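Beneath this line is the structure, given in structure tokens, with notes to follow.
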Amino acid sequence: MTRDITLFASLLPILCTAQITVEVEAGGSTLPGADDPYYSPADVTIHVGDAVHWTAASGSHNVYAMHDDFPDNPEEFSSGEPSSDLDFTRTFTIPGFYMYHCTQQGHSATQHGTITVLLSESVEEHT
């Protein structure tokens with residue numbers, strides 16, 4: 001029993017800082033009759049060391065968070081040109097508030113998102 005408690009106690013720091021990956025779906029189109037372009041979920045909150053993984057459900061999309069469009073982002077990132085095969089993962093190592101959108105023609109009007117990256121030692125209070 002003491003051995004089990006010691007093992008658990010030694011693994012606790014690792015378990016408390018385990019990385020998570022949040023899945024975000026990109027979809028929609030500006031074509032008539034299609035759903036508006038979107039990211040779902042559009043707003044994500046994670047901790048330093050966590051990742052976000054974007055995939056395309058339909059249409060051609062990308063993830064664009066460069067300083068020319070979002071100068072206040074703590075750092076830049078981009079998945080490249082819009083693609084129907086969007087499959088992009090980003091691990092966040094700098095805390096802060098990030099904004100991004102899709103650069104496919106006309107998509108940025110509705111297809112934008114945010115990521116809030118908290119320090120791992122942050123404690124959230126829920127009332």
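Labels used: A, B, ... for chains in the order of the structure tokens, numbers from 1 for residues in each chain, and numbers from 1 for ligands as shown.
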With a distance cut-off of 12 Å and only C-alpha atoms, select the neighbouring residues of region 18-33 of chain A, excluding the residue or stretch itself and same-chain residues fewer than 4 positions from it, and output the selection as a PyMOL selection string. chain A and resi 11-14+37-63+82-93+101-102+104-115+120
So which residues of chain A fall under alpha helix (DSSP H) by DSSP, listed as a PyMOL selection string? chain A and resi 2-16
Those same residues - N, CA and C atoms - I'd like them written as an mmCIF file, in the first residue's frame.
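Result written to selection15.cif:
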data_model
loop_
_atom_site.group_PDB
_atom_site.id
_atom_site.type_symbol
_atom_site.label_atom_id
_atom_site.label_comp_id
_atom_site.auth_asym_id
_atom_site.auth_seq_id
_atom_site.Cartn_x
_atom_site.Cartn_y
_atom_site.Cartn_z
ATOM 1 N N THR A 2 1.893 1.297 0.840
ATOM 2 C CA THR A 2 2.786 2.445 0.900
ATOM 3 C C THR A 2 3.505 2.614 -0.435
ATOM 4 N N ARG A 3 3.858 1.497 -1.045
ATOM 5 C CA ARG A 3 4.535 1.549 -2.337
ATOM 6 C C ARG A 3 3.616 2.161 -3.393
ATOM 7 N N ASP A 4 2.320 1.818 -3.386
ATOM 8 C CA ASP A 4 1.358 2.372 -4.341
ATOM 9 C C ASP A 4 1.195 3.869 -4.147
ATOM 10 N N ILE A 5 1.143 4.316 -2.904
ATOM 11 C CA ILE A 5 1.007 5.743 -2.609
ATOM 12 C C ILE A 5 2.258 6.492 -3.073
ATOM 13 N N THR A 6 3.431 5.909 -2.841
ATOM 14 C CA THR A 6 4.676 6.539 -3.273
ATOM 15 C C THR A 6 4.726 6.644 -4.797
ATOM 16 N N LEU A 7 4.313 5.602 -5.496
ATOM 17 C CA LEU A 7 4.285 5.627 -6.955
ATOM 18 C C LEU A 7 3.320 6.700 -7.454
ATOM 19 N N PHE A 8 2.134 6.744 -6.881
ATOM 20 C CA PHE A 8 1.146 7.746 -7.266
ATOM 21 C C PHE A 8 1.666 9.154 -7.017
ATOM 22 N N ALA A 9 2.278 9.376 -5.866
ATOM 23 C CA ALA A 9 2.813 10.699 -5.526
ATOM 24 C C ALA A 9 3.918 11.110 -6.494
ATOM 25 N N SER A 10 4.731 10.148 -6.935
ATOM 26 C CA SER A 10 5.810 10.482 -7.867
ATOM 27 C C SER A 10 5.270 10.786 -9.267
ATOM 28 N N LEU A 11 4.135 10.208 -9.623
ATOM 29 C CA LEU A 11 3.542 10.452 -10.938
ATOM 30 C C LEU A 11 2.608 11.655 -10.961
ATOM 31 N N LEU A 12 2.205 12.152 -9.819
ATOM 32 C CA LEU A 12 1.243 13.253 -9.749
ATOM 33 C C LEU A 12 1.674 14.481 -10.543
ATOM 34 N N PRO A 13 2.912 14.952 -10.434
ATOM 35 C CA PRO A 13 3.299 16.127 -11.239
ATOM 36 C C PRO A 13 3.150 15.889 -12.743
ATOM 37 N N ILE A 14 3.443 14.697 -13.194
ATOM 38 C CA ILE A 14 3.300 14.370 -14.615
ATOM 39 C C ILE A 14 1.832 14.358 -15.006
ATOM 40 N N LEU A 15 0.999 13.765 -14.176
ATOM 41 C CA LEU A 15 -0.423 13.704 -14.469
ATOM 42 C C LEU A 15 -1.061 15.082 -14.480
ATOM 43 N N CYS A 16 -0.591 15.972 -13.629
ATOM 44 C CA CYS A 16 -1.164 17.316 -13.538
ATOM 45 C C CYS A 16 -0.763 18.200 -14.703
#
I need the residues in region 18-78 of chain A that are strand (DSSP E or B) according to DSSP; give them as a VMD selection string. chain A and resid 21 to 27 38 to 40 43 to 47 51 to 56 61 64 78
Residues within 10 Å of Glu76 (chain A), please, as a list in words. Count only C-alpha atoms; anything in the same chain fewer than 6 positions from it doesn't count. Tyr64, Ala65, Met66, His67, Asp68, Asp69, Phe70, Tyr98, Met99 and Tyr100 of chain A
